[in-house]
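*Asks:* Next comes structure_34.pdb, PDB, C-alpha atoms and all ligand atoms:
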```pdb
ATOM      1  CA  THR B   1     -38.934-124.249 157.927
ATOM      2  CA  PHE B   2     -39.838-121.148 156.011
ATOM      3  CA  ARG B   3     -43.141-122.675 155.044
ATOM      4  CA  ILE B   4     -43.887-123.618 158.591
ATOM      5  CA  LEU B   5     -42.982-120.152 159.811
ATOM      6  CA  HIS B   6     -44.960-118.622 157.039
ATOM      7  CA  GLY B   7     -47.840-120.893 157.865
ATOM      8  CA  SER B   8     -47.674-120.039 161.527
ATOM      9  CA  ARG B   9     -47.542-116.355 160.715
ATOM     10  CA  ASP B  10     -50.696-116.751 158.650
ATOM     11  CA  PHE B  11     -52.160-118.675 161.507
ATOM     12  CA  ALA B  12     -51.212-115.916 163.944
ATOM     13  CA  MET B  13     -52.711-113.310 161.635
ATOM     14  CA  ALA B  14     -55.859-115.376 161.341
ATOM     15  CA  LEU B  15     -55.981-115.600 165.127
ATOM     16  CA  VAL B  16     -55.594-111.852 165.496
ATOM     17  CA  GLU B  17     -58.300-111.303 162.912
ATOM     18  CA  MET B  18     -60.553-113.829 164.582
ATOM     19  CA  THR B  19     -60.017-112.281 168.001
ATOM     20  CA  GLN B  20     -60.935-108.898 166.600
ATOM     21  CA  GLN B  21     -64.018-110.370 165.022
ATOM     22  CA  PHE B  22     -64.948-111.988 168.307
ATOM     23  CA  ALA B  23     -64.402-108.744 170.141
ATOM     24  CA  TYR B  24     -66.655-107.050 167.616
ATOM     25  CA  LEU B  25     -69.180-109.866 167.865
ATOM     26  CA  GLY B  26     -69.083-109.619 171.640
ATOM     27  CA  GLU B  27     -69.651-105.896 171.423
ATOM     28  CA  THR B  28     -72.527-106.381 169.002
ATOM     29  CA  LEU B  29     -74.120-109.066 171.122
ATOM     30  CA  ARG B  30     -73.861-106.915 174.201
ATOM     31  CA  ILE B  31     -75.698-104.159 172.429
ATOM     32  CA  ILE B  32     -78.417-106.174 170.784
ATOM     33  CA  GLY B  33     -78.451-108.612 173.678
ATOM     34  CA  GLN B  34     -81.866-108.781 175.239
ATOM     35  CA  PRO B  35     -82.496-109.413 178.933
ATOM     36  CA  HIS B  36     -84.024-112.740 177.942
ATOM     37  CA  GLU B  37     -84.031-113.918 174.390
ATOM     38  CA  ILE B  38     -87.611-115.079 173.989
ATOM     39  CA  PRO B  39     -88.108-117.741 171.327
ATOM     40  CA  ASP B  40     -90.633-117.331 168.523
ATOM     41  CA  ALA B  41     -93.969-119.063 169.086
ATOM     42  CA  PRO B  42     -94.487-122.092 166.834
ATOM     43  CA  GLY B  43     -96.016-120.828 163.599
ATOM     44  CA  ALA B  44     -95.242-117.206 164.550
ATOM     45  CA  ALA B  45     -96.301-114.707 161.892
ATOM     46  CA  THR B  46     -93.575-113.270 159.676
ATOM     47  CA  ILE B  47     -95.656-110.278 158.614
ATOM     48  CA  VAL B  48     -94.259-106.946 159.697
ATOM     49  CA  PRO B  49     -96.875-104.593 161.169
ATOM     50  CA  GLN B  50     -97.139-101.536 158.921
ATOM     51  CA  LYS B  51     -99.584 -99.181 160.651
ATOM     52  CA  GLY B  52     -98.389 -99.050 164.234
ATOM     53  CA  ASP B  53    -101.683 -99.323 166.116
ATOM     54  CA  ILE B  54    -100.846-100.494 169.640
ATOM     55  CA  VAL B  55    -103.178-102.022 172.219
ATOM     56  CA  PHE B  56    -102.315-103.105 175.768
ATOM     57  CA  THR B  57    -105.175-105.040 177.364
ATOM     58  CA  ASP B  58    -105.143-105.767 181.108
ATOM     59  CA  VAL B  59    -101.407-106.364 181.094
ATOM     60  CA  VAL B  60     -99.913-107.707 184.314
ATOM     61  CA  PHE B  61     -96.178-108.122 184.704
ATOM     62  CA  GLY B  62     -93.473-108.544 187.352
ATOM     63  CA  TYR B  63     -89.794-109.507 187.166
ATOM     64  CA  GLY B  64     -89.984-112.948 188.709
ATOM     65  CA  ASP B  65     -90.140-111.872 192.351
ATOM     66  CA  ASN B  66     -93.662-111.523 193.660
ATOM     67  CA  ARG B  67     -93.775-107.790 193.133
ATOM     68  CA  ARG B  68     -96.022-106.695 190.295
ATOM     69  CA  ILE B  69     -94.539-103.871 188.282
ATOM     70  CA  ILE B  70     -97.337-103.471 185.745
ATOM     71  CA  GLU B  71    -100.840-103.806 187.071
ATOM     72  CA  LYS B  72    -103.876-104.332 184.788
ATOM     73  CA  PHE B  73    -102.455-101.889 182.293
ATOM     74  CA  SER B  74    -104.767-101.049 179.366
ATOM     75  CA  LEU B  75    -103.970 -98.502 176.689
ATOM     76  CA  HIS B  76    -104.868 -97.986 173.046
ATOM     77  CA  ILE B  77    -102.423 -95.920 171.013
ATOM     78  CA  PRO B  78    -103.909 -95.306 167.554
ATOM     79  CA  ALA B  79    -101.500 -95.404 164.609
ATOM     80  CA  GLY B  80     -99.647 -92.117 164.252
ATOM     81  CA  GLN B  81    -100.299 -90.888 167.790
ATOM     82  CA  LYS B  82     -97.423 -89.393 169.763
ATOM     83  CA  ILE B  83     -97.738 -90.304 173.406
ATOM     84  CA  GLY B  84     -95.451 -89.319 176.259
ATOM     85  CA  ILE B  85     -95.151 -91.360 179.438
ATOM     86  CA  VAL B  86     -94.255 -89.446 182.575
ATOM     87  CA  GLY B  87     -93.956 -90.721 186.107
ATOM     88  CA  PRO B  88     -91.548 -91.154 189.000
ATOM     89  CA  SER B  89     -88.495 -93.384 188.862
ATOM     90  CA  GLY B  90     -89.492 -97.023 189.176
ATOM     91  CA  ALA B  91     -93.082 -96.414 188.021
ATOM     92  CA  GLY B  92     -92.635 -98.914 185.192
ATOM     93  CA  LYS B  93     -92.101 -96.627 182.187
ATOM     94  CA  SER B  94     -89.175 -98.581 180.716
ATOM     95  CA  THR B  95     -90.897-101.866 181.496
ATOM     96  CA  ILE B  96     -93.871-100.793 179.352
ATOM     97  CA  LEU B  97     -91.530-100.192 176.409
ATOM     98  CA  HIS B  98     -89.756-103.501 177.049
ATOM     99  CA  LEU B  99     -93.018-105.425 177.036
ATOM    100  CA  LEU B 100     -94.014-103.834 173.738
ATOM    101  CA  GLN B 101     -90.739-105.070 172.244
ATOM    102  CA  ARG B 102     -91.381-108.445 173.885
ATOM    103  CA  LEU B 103     -88.120-108.454 175.769
ATOM    104  CA  HIS B 104     -90.264-110.143 178.401
ATOM    105  CA  ASP B 105     -93.601-111.896 178.116
ATOM    106  CA  VAL B 106     -96.600-110.534 179.953
ATOM    107  CA  GLN B 107     -97.929-112.635 182.825
ATOM    108  CA  SER B 108    -101.523-112.037 181.835
ATOM    109  CA  GLY B 109    -103.391-109.811 179.437
ATOM    110  CA  GLU B 110    -102.010-109.130 175.997
ATOM    111  CA  ILE B 111    -100.291-106.610 173.754
ATOM    112  CA  GLN B 112    -101.224-106.238 170.109
ATOM    113  CA  ILE B 113     -99.734-104.317 167.233
ATOM    114  CA  ASP B 114    -102.065-103.847 164.253
ATOM    115  CA  GLY B 115    -104.348-106.489 165.718
ATOM    116  CA  CYS B 116    -101.621-109.128 166.025
ATOM    117  CA  ARG B 117    -100.474-110.300 169.453
ATOM    118  CA  VAL B 118     -96.772-109.562 169.885
ATOM    119  CA  ARG B 119     -96.261-113.077 171.223
ATOM    120  CA  ASP B 120     -97.519-114.426 167.883
ATOM    121  CA  LEU B 121     -95.081-112.341 165.851
ATOM    122  CA  LYS B 122     -91.587-113.417 164.978
ATOM    123  CA  GLN B 123     -88.906-111.452 166.834
ATOM    124  CA  ASP B 124     -87.539-110.348 163.474
ATOM    125  CA  SER B 125     -90.948-108.974 162.470
ATOM    126  CA  LEU B 126     -91.251-107.137 165.746
ATOM    127  CA  ARG B 127     -87.773-105.619 165.381
ATOM    128  CA  ALA B 128     -88.628-104.536 161.839
ATOM    129  CA  ALA B 129     -91.713-102.713 163.151
ATOM    130  CA  ILE B 130     -90.106-100.900 166.087
ATOM    131  CA  ALA B 131     -87.103 -98.586 166.230
ATOM    132  CA  VAL B 132     -85.725 -97.491 169.566
ATOM    133  CA  VAL B 133     -83.992 -94.166 170.094
ATOM    134  CA  PRO B 134     -82.274 -94.638 173.471
ATOM    135  CA  GLN B 135     -81.101 -92.032 175.949
ATOM    136  CA  GLU B 136     -77.493 -92.912 175.297
ATOM    137  CA  VAL B 137     -76.805 -94.021 171.742
ATOM    138  CA  VAL B 138     -74.257 -96.840 171.749
ATOM    139  CA  LEU B 139     -71.589 -96.513 169.064
ATOM    140  CA  PHE B 140     -68.879 -98.971 168.014
ATOM    141  CA  HIS B 141     -65.318 -98.004 167.303
ATOM    142  CA  ARG B 142     -66.008 -98.296 163.587
ATOM    143  CA  SER B 143     -66.690 -95.842 160.784
ATOM    144  CA  VAL B 144     -69.671 -93.519 160.898
ATOM    145  CA  MET B 145     -71.020 -95.414 157.892
ATOM    146  CA  GLU B 146     -70.913 -98.777 159.681
ATOM    147  CA  ASN B 147     -72.381 -97.254 162.795
ATOM    148  CA  ILE B 148     -75.457 -96.083 160.915
ATOM    149  CA  ARG B 149     -75.678 -99.272 158.829
ATOM    150  CA  PHE B 150     -75.849-101.275 162.061
ATOM    151  CA  ALA B 151     -79.594-100.513 162.133
ATOM    152  CA  ARG B 152     -80.147-102.333 158.836
ATOM    153  CA  PRO B 153     -77.112-104.246 157.550
ATOM    154  CA  ASP B 154     -78.506-104.673 154.017
ATOM    155  CA  ALA B 155     -78.939-100.905 153.492
ATOM    156  CA  SER B 156     -77.218 -99.384 150.462
ATOM    157  CA  ASP B 157     -74.789 -96.481 150.817
ATOM    158  CA  ASP B 158     -77.383 -94.167 149.283
ATOM    159  CA  GLU B 159     -79.960 -95.205 151.869
ATOM    160  CA  ILE B 160     -77.449 -94.420 154.610
ATOM    161  CA  PHE B 161     -76.749 -90.981 153.159
ATOM    162  CA  ALA B 162     -80.485 -90.317 152.964
ATOM    163  CA  ALA B 163     -80.983 -91.381 156.603
ATOM    164  CA  ALA B 164     -78.041 -89.221 157.717
ATOM    165  CA  LYS B 165     -79.451 -86.217 155.855
ATOM    166  CA  ALA B 166     -82.913 -86.753 157.340
ATOM    167  CA  ALA B 167     -81.362 -86.813 160.835
ATOM    168  CA  TYR B 168     -79.305 -83.650 160.202
ATOM    169  CA  CYS B 169     -76.073 -85.653 160.400
ATOM    170  CA  HIS B 170     -74.776 -85.308 156.874
ATOM    171  CA  ASP B 171     -73.182 -81.878 157.271
ATOM    172  CA  PHE B 172     -71.218 -82.658 160.402
ATOM    173  CA  ILE B 173     -70.163 -86.019 158.982
ATOM    174  CA  MET B 174     -68.803 -84.329 155.852
ATOM    175  CA  GLU B 175     -66.738 -82.049 158.078
ATOM    176  CA  LEU B 176     -65.025 -85.006 159.800
ATOM    177  CA  THR B 177     -61.514 -85.742 158.509
ATOM    178  CA  GLN B 178     -62.583 -88.800 156.543
ATOM    179  CA  GLY B 179     -66.269 -88.121 156.158
ATOM    180  CA  TYR B 180     -68.361 -91.268 156.438
ATOM    181  CA  ASP B 181     -65.185 -93.379 156.785
ATOM    182  CA  THR B 182     -64.106 -91.595 159.971
ATOM    183  CA  LEU B 183     -63.720 -93.897 162.962
ATOM    184  CA  VAL B 184     -65.912 -92.584 165.754
ATOM    185  CA  GLY B 185     -63.586 -93.518 168.630
ATOM    186  CA  GLU B 186     -64.360 -95.809 171.533
ATOM    187  CA  ARG B 187     -68.068 -95.365 172.302
ATOM    188  CA  GLY B 188     -68.189 -92.521 169.810
ATOM    189  CA  ALA B 189     -65.807 -90.392 171.860
ATOM    190  CA  LYS B 190     -64.895 -88.304 168.836
ATOM    191  CA  LEU B 191     -68.471 -87.099 168.479
ATOM    192  CA  SER B 192     -70.387 -84.658 170.650
ATOM    193  CA  GLY B 193     -73.412 -85.770 172.661
ATOM    194  CA  GLY B 194     -75.790 -84.158 170.183
ATOM    195  CA  GLN B 195     -74.018 -85.773 167.233
ATOM    196  CA  ARG B 196     -74.251 -89.193 168.865
ATOM    197  CA  GLN B 197     -77.952 -88.677 169.435
ATOM    198  CA  ARG B 198     -78.451 -87.720 165.806
ATOM    199  CA  ILE B 199     -76.606 -90.875 164.691
ATOM    200  CA  GLY B 200     -79.157 -92.759 166.796
ATOM    201  CA  ILE B 201     -81.925 -90.901 164.985
ATOM    202  CA  ALA B 202     -80.313 -91.675 161.601
ATOM    203  CA  ARG B 203     -80.392 -95.365 162.555
ATOM    204  CA  ALA B 204     -84.117 -95.074 163.240
ATOM    205  CA  PHE B 205     -84.674 -93.358 159.861
ATOM    206  CA  LEU B 206     -82.777 -96.189 158.206
ATOM    207  CA  LYS B 207     -85.016 -98.780 159.851
ATOM    208  CA  ASP B 208     -88.049 -96.794 158.688
ATOM    209  CA  THR B 209     -90.449 -98.445 161.129
ATOM    210  CA  PRO B 210     -94.067 -97.454 161.846
ATOM    211  CA  ILE B 211     -93.297 -97.340 165.591
ATOM    212  CA  ILE B 212     -90.635 -95.313 167.386
ATOM    213  CA  LEU B 213     -89.823 -95.814 171.048
ATOM    214  CA  LEU B 214     -87.992 -92.874 172.461
ATOM    215  CA  ASP B 215     -86.233 -92.619 175.784
ATOM    216  CA  GLU B 216     -85.566 -88.960 175.878
ATOM    217  CA  ALA B 217     -82.044 -87.954 176.876
ATOM    218  CA  THR B 218     -81.808 -86.298 180.262
ATOM    219  CA  SER B 219     -78.330 -84.875 179.907
ATOM    220  CA  GLY B 220     -78.339 -81.290 178.835
ATOM    221  CA  LEU B 221     -76.986 -80.340 175.429
ATOM    222  CA  ASP B 222     -75.990 -76.850 174.468
ATOM    223  CA  THR B 223     -78.760 -74.869 172.856
ATOM    224  CA  GLN B 224     -77.609 -75.317 169.275
ATOM    225  CA  SER B 225     -77.235 -79.134 169.565
ATOM    226  CA  GLU B 226     -80.563 -79.277 171.326
ATOM    227  CA  ILE B 227     -82.240 -77.449 168.441
ATOM    228  CA  GLU B 228     -80.676 -79.839 165.931
ATOM    229  CA  VAL B 229     -81.633 -82.938 167.893
ATOM    230  CA  GLN B 230     -85.204 -81.679 168.303
ATOM    231  CA  ALA B 231     -85.459 -80.901 164.587
ATOM    232  CA  ALA B 232     -84.233 -84.388 163.677
ATOM    233  CA  LEU B 233     -86.658 -85.967 166.147
ATOM    234  CA  ALA B 234     -89.600 -83.913 164.922
ATOM    235  CA  ARG B 235     -88.947 -85.111 161.397
ATOM    236  CA  LEU B 236     -88.528 -88.727 162.523
ATOM    237  CA  MET B 237     -91.770 -88.663 164.505
ATOM    238  CA  ARG B 238     -93.872 -87.402 161.611
ATOM    239  CA  ASP B 239     -96.307 -90.071 160.334
ATOM    240  CA  ARG B 240     -95.186 -92.641 162.885
ATOM    241  CA  THR B 241     -96.547 -93.883 166.185
ATOM    242  CA  VAL B 242     -94.298 -92.600 168.960
ATOM    243  CA  VAL B 243     -94.162 -93.819 172.539
ATOM    244  CA  ALA B 244     -91.743 -91.687 174.518
ATOM    245  CA  ILE B 245     -90.449 -91.667 178.058
ATOM    246  CA  ALA B 246     -90.399 -87.945 178.557
ATOM    247  CA  HIS B 247     -87.922 -86.281 180.842
ATOM    248  CA  ARG B 248     -88.522 -82.706 179.853
ATOM    249  CA  LEU B 249     -91.844 -80.974 180.005
ATOM    250  CA  SER B 250     -90.906 -78.736 177.091
ATOM    251  CA  THR B 251     -90.929 -81.752 174.766
ATOM    252  CA  VAL B 252     -93.919 -83.287 176.508
ATOM    253  CA  ALA B 253     -95.976 -80.276 175.499
ATOM    254  CA  ALA B 254     -95.552 -81.217 171.844
ATOM    255  CA  PHE B 255     -97.073 -84.708 172.229
ATOM    256  CA  ASP B 256    -100.684 -85.505 171.279
ATOM    257  CA  ARG B 257    -101.239 -87.268 174.533
ATOM    258  CA  ILE B 258     -99.662 -87.821 177.935
ATOM    259  CA  ILE B 259    -100.127 -90.624 180.384
ATOM    260  CA  VAL B 260     -98.928 -90.274 183.943
ATOM    261  CA  VAL B 261     -97.880 -93.662 185.320
ATOM    262  CA  MET B 262     -97.516 -94.464 189.009
ATOM    263  CA  ASP B 263     -96.826 -97.968 190.336
ATOM    264  CA  GLY B 264     -97.512 -99.548 186.956
ATOM    265  CA  ARG B 265    -100.918 -97.915 186.515
ATOM    266  CA  ILE B 266    -102.158 -95.027 184.441
ATOM    267  CA  VAL B 267    -103.342 -92.314 186.797
ATOM    268  CA  GLU B 268    -103.847 -89.520 184.254
ATOM    269  CA  ASP B 269    -104.467 -89.627 180.525
ATOM    270  CA  GLY B 270    -105.177 -86.750 178.160
ATOM    271  CA  SER B 271    -103.688 -84.082 175.942
ATOM    272  CA  PRO B 272    -101.043 -81.885 177.587
ATOM    273  CA  ALA B 273    -103.524 -78.994 177.591
ATOM    274  CA  GLU B 274    -106.255 -81.108 179.236
ATOM    275  CA  LEU B 275    -103.911 -82.403 181.900
ATOM    276  CA  ARG B 276    -102.606 -78.943 182.655
ATOM    277  CA  ARG B 277    -106.143 -77.774 183.273
ATOM    278  CA  ALA B 278    -107.012 -80.789 185.420
ATOM    279  CA  ASP B 279    -106.121 -80.532 189.070
ATOM    280  CA  GLY B 280    -103.763 -83.517 189.068
ATOM    281  CA  ILE B 281    -100.172 -84.629 189.126
ATOM    282  CA  PHE B 282     -99.366 -83.346 185.668
ATOM    283  CA  ALA B 283    -100.739 -79.898 186.459
ATOM    284  CA  ARG B 284     -98.622 -79.862 189.628
ATOM    285  CA  MET B 285     -95.570 -80.911 187.651
ATOM    286  CA  TRP B 286     -96.279 -78.186 185.167
ATOM    287  CA  SER B 287     -96.426 -75.512 187.844
ATOM    288  CA  LEU B 288     -93.213 -76.788 189.479
ATOM    289  CA  GLN B 289     -91.521 -76.653 186.119
ATOM    290  CA  ALA B 290     -92.072 -72.940 186.150
ATOM    291  CA  GLU B 291     -89.722 -72.921 189.151
ATOM    292  CA  GLY B 292     -87.023 -74.345 186.910
ATOM    293  CA  LEU B 293     -87.231 -77.979 188.002
ATOM    294  CA  SER B 294     -86.845 -80.800 185.454
ATOM    295  CA  VAL B 295     -89.313 -83.677 185.173
ATOM    296  CA  ASP B 296     -86.808 -85.880 186.948
ATOM    297  CA  ASP B 297     -86.357 -83.434 189.833
ATOM    298  CA  ILE B 298     -90.090 -83.126 190.147
ATOM    299  CA  THR B 299     -90.859 -86.833 190.043
ATOM    300  CA  ARG B 300     -88.045 -87.493 192.507
ATOM    301  CA  ASN B 301     -89.707 -85.081 194.903
ATOM    302  CA  MET B 302     -93.056 -86.722 194.261
ATOM    303  CA  ALA B 303     -91.585 -90.136 195.028
ATOM    304  CA  LEU B 304     -90.180 -88.784 198.302
ATOM    305  CA  ARG B 305     -93.542 -87.444 199.311
ATOM    306  CA  GLU B 306     -95.241 -90.826 198.857
TER
HETATM  307  P1  LIG A 401     -86.778 -94.819 185.654
HETATM  308  O1  LIG A 401     -87.454 -93.525 185.393
HETATM  309  O2  LIG A 401     -85.925 -94.779 186.887
HETATM  310  O3  LIG A 401     -86.064 -95.392 184.479
HETATM  311  P2  LIG A 401     -89.071 -96.539 185.208
HETATM  312  O4  LIG A 401     -90.359 -95.880 185.467
HETATM  313  O5  LIG A 401     -88.644 -96.671 183.793
HETATM  314  O6  LIG A 401     -87.935 -95.863 186.069
HETATM  315  P3  LIG A 401     -88.727 -99.383 185.283
HETATM  316  O7  LIG A 401     -87.323 -99.348 184.810
HETATM  317  O8  LIG A 401     -89.756 -99.870 184.345
HETATM  318  O9  LIG A 401     -89.166 -97.977 185.863
HETATM  319  O10 LIG A 401     -88.734-100.266 186.596
HETATM  320  C1  LIG A 401     -89.905-100.544 187.328
HETATM  321  C2  LIG A 401     -89.539-101.382 188.536
HETATM  322  O11 LIG A 401     -89.063-102.646 188.106
HETATM  323  C3  LIG A 401     -88.448-100.801 189.395
HETATM  324  O12 LIG A 401     -88.791-101.014 190.735
HETATM  325  C4  LIG A 401     -87.218-101.602 189.044
HETATM  326  O13 LIG A 401     -86.358-101.715 190.134
HETATM  327  C5  LIG A 401     -87.795-102.934 188.655
HETATM  328  N1  LIG A 401     -87.005-103.599 187.605
HETATM  329  C6  LIG A 401     -86.670-103.077 186.410
HETATM  330  N2  LIG A 401     -85.969-103.946 185.666
HETATM  331  C7  LIG A 401     -85.824-105.072 186.428
HETATM  332  C8  LIG A 401     -85.205-106.348 186.238
HETATM  333  N3  LIG A 401     -84.576-106.651 185.102
HETATM  334  N4  LIG A 401     -85.281-107.230 187.242
HETATM  335  C9  LIG A 401     -85.919-106.951 188.400
HETATM  336  N5  LIG A 401     -86.537-105.765 188.646
HETATM  337  C10 LIG A 401     -86.501-104.831 187.681
END
```
Can you turn what I pasted into structure tokens?
*Replies:*
Amino acid sequence: TFRILHGSRDFAMALVEMTQQFAYLGETLRIIGQPHEIPDAPGAATIVPQKGDIVFTDVVFGYGDNRRIIEKFSLHIPAGQKIGIVGPSGAGKSTILHLLQRLHDVQSGEIQIDGCRVRDLKQDSLRAAIAVVPQEVVLFHRSVMENIRFARPDASDDEIFAAAKAAYCHDFIMELTQGYDTLVGERGAKLSGGQRQRIGIARAFLKDTPIILLDEATSGLDTQSEIEVQAALARLMRDRTVVAIAHRLSTVAAFDRIIVVMDGRIVEDGSPAELRRADGIFARMWSLQAEGLSVDDITRNMALRE
């Protein structure tokens, strides 16, 4: 009897453990889960693009209904360029980033990275070339260490420390009760918004990719956190190609180039200084900003006027 009980206790423990693992797996899958998991093309290339030169050629895309979201979209982003995309809600900014990651396939035209069509690259190669810094960094109820390691599971502890230092995370992590072993709380509740964002930036450092896709956070941080996040981002962006959805004109001003996108098309393209001088949408946005409006307020008003 004892053995049976003992056995069933082990079994129960195993079940509990397994359930936890499944919960964790479920959580992980939800986070890395793509809208549609697109299979690798037969004979897809395993090489990982190293330079980060991006070309969109006549890309057309829609989400299955008849409506086209991206319309004959062509854009060359040379390696190392930092480009900001601005435009009203629904213009297709996120879709452009999704297509580059091949979360969906284009309907016609093509997208290349370093001369290789993304549809001919293995998904793993593509993921190893592109790091995404999202608006809201998703954290698991695990240690800080595991949360950073999530970006590259084979990373050594030293590599994680280096990434955390590069993202200005190390100091605040060391001040947590258990340092890198501190559990971050459900969805990172024990960390501030700015700290969560910097963990997201540490993940991108750990991946060390030639391309960074940035969806700039809209929620306001206090000035000190904002300075720290901006410093971490500036360091991350150095020597990499950056494609950013920009929500704040203050950060936009620091990019090499801005494109204004409306209805899936590029309507303005140039350096921030050039676009400010031109008599277009960006210049109008810039002057409205002086009235204290955010990019989102401004584009919302623009959308209403259409
Ligand atoms: P926002 O600034 O609000 O994030 P956006 O410029 O990033 O907007 P997208 O998210 O690219 O715009 O969306 C472009 C259009 O495609 C919108 O009209 C949106 O409703 C639609 N859309 C986005 N994702 C899907 C989807 N998975 N299925 C169907 N339609 C979608």
*Asks:* Kindly compile the residues surrounding ligand LIG 401 (chain A) within 9 Å, counting all atoms listed in the file, and format them as a VMD selection string.
*Replies:* chain B and resid 35 62 to 65 67 to 70 85 to 98 245 247 261 to 264 296 299
*Asks:* Which distance in Å separates atom CA of Phe282 of chain B and atom CA of Asp269 of chain B, to one decimal?
*Replies:* 9.6 Å
*Asks:* Please report the interatomic distance between atom CA of Asp53 of chain B and atom CA of Ala246 of chain B in Å with one decimal.
*Replies:*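 Result for atom CA of Asp53 of chain B versus atom CA of Ala246 of chain B: 20.3 Å, one decimal.
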*Asks:* Between B:Ala189, B:Gln112, B:Ser156, B:Tyr168, which one has atoms that come closest to Val138 of chain B, using all atoms listed in the file?
*Replies:*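 Ranked by minimum distance to Val138 of chain B, first place goes to B:Ala189.
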*Asks:* Using all atoms listed in the file, which of B:Ala163, B:Ala44, B:Leu139, B:Val118 sits nearest Leu236 of chain B?
*Replies:*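 Between B:Ala163, B:Ala44, B:Leu139, B:Val118, the residue approaching Leu236 of chain B most closely is B:Ala163.
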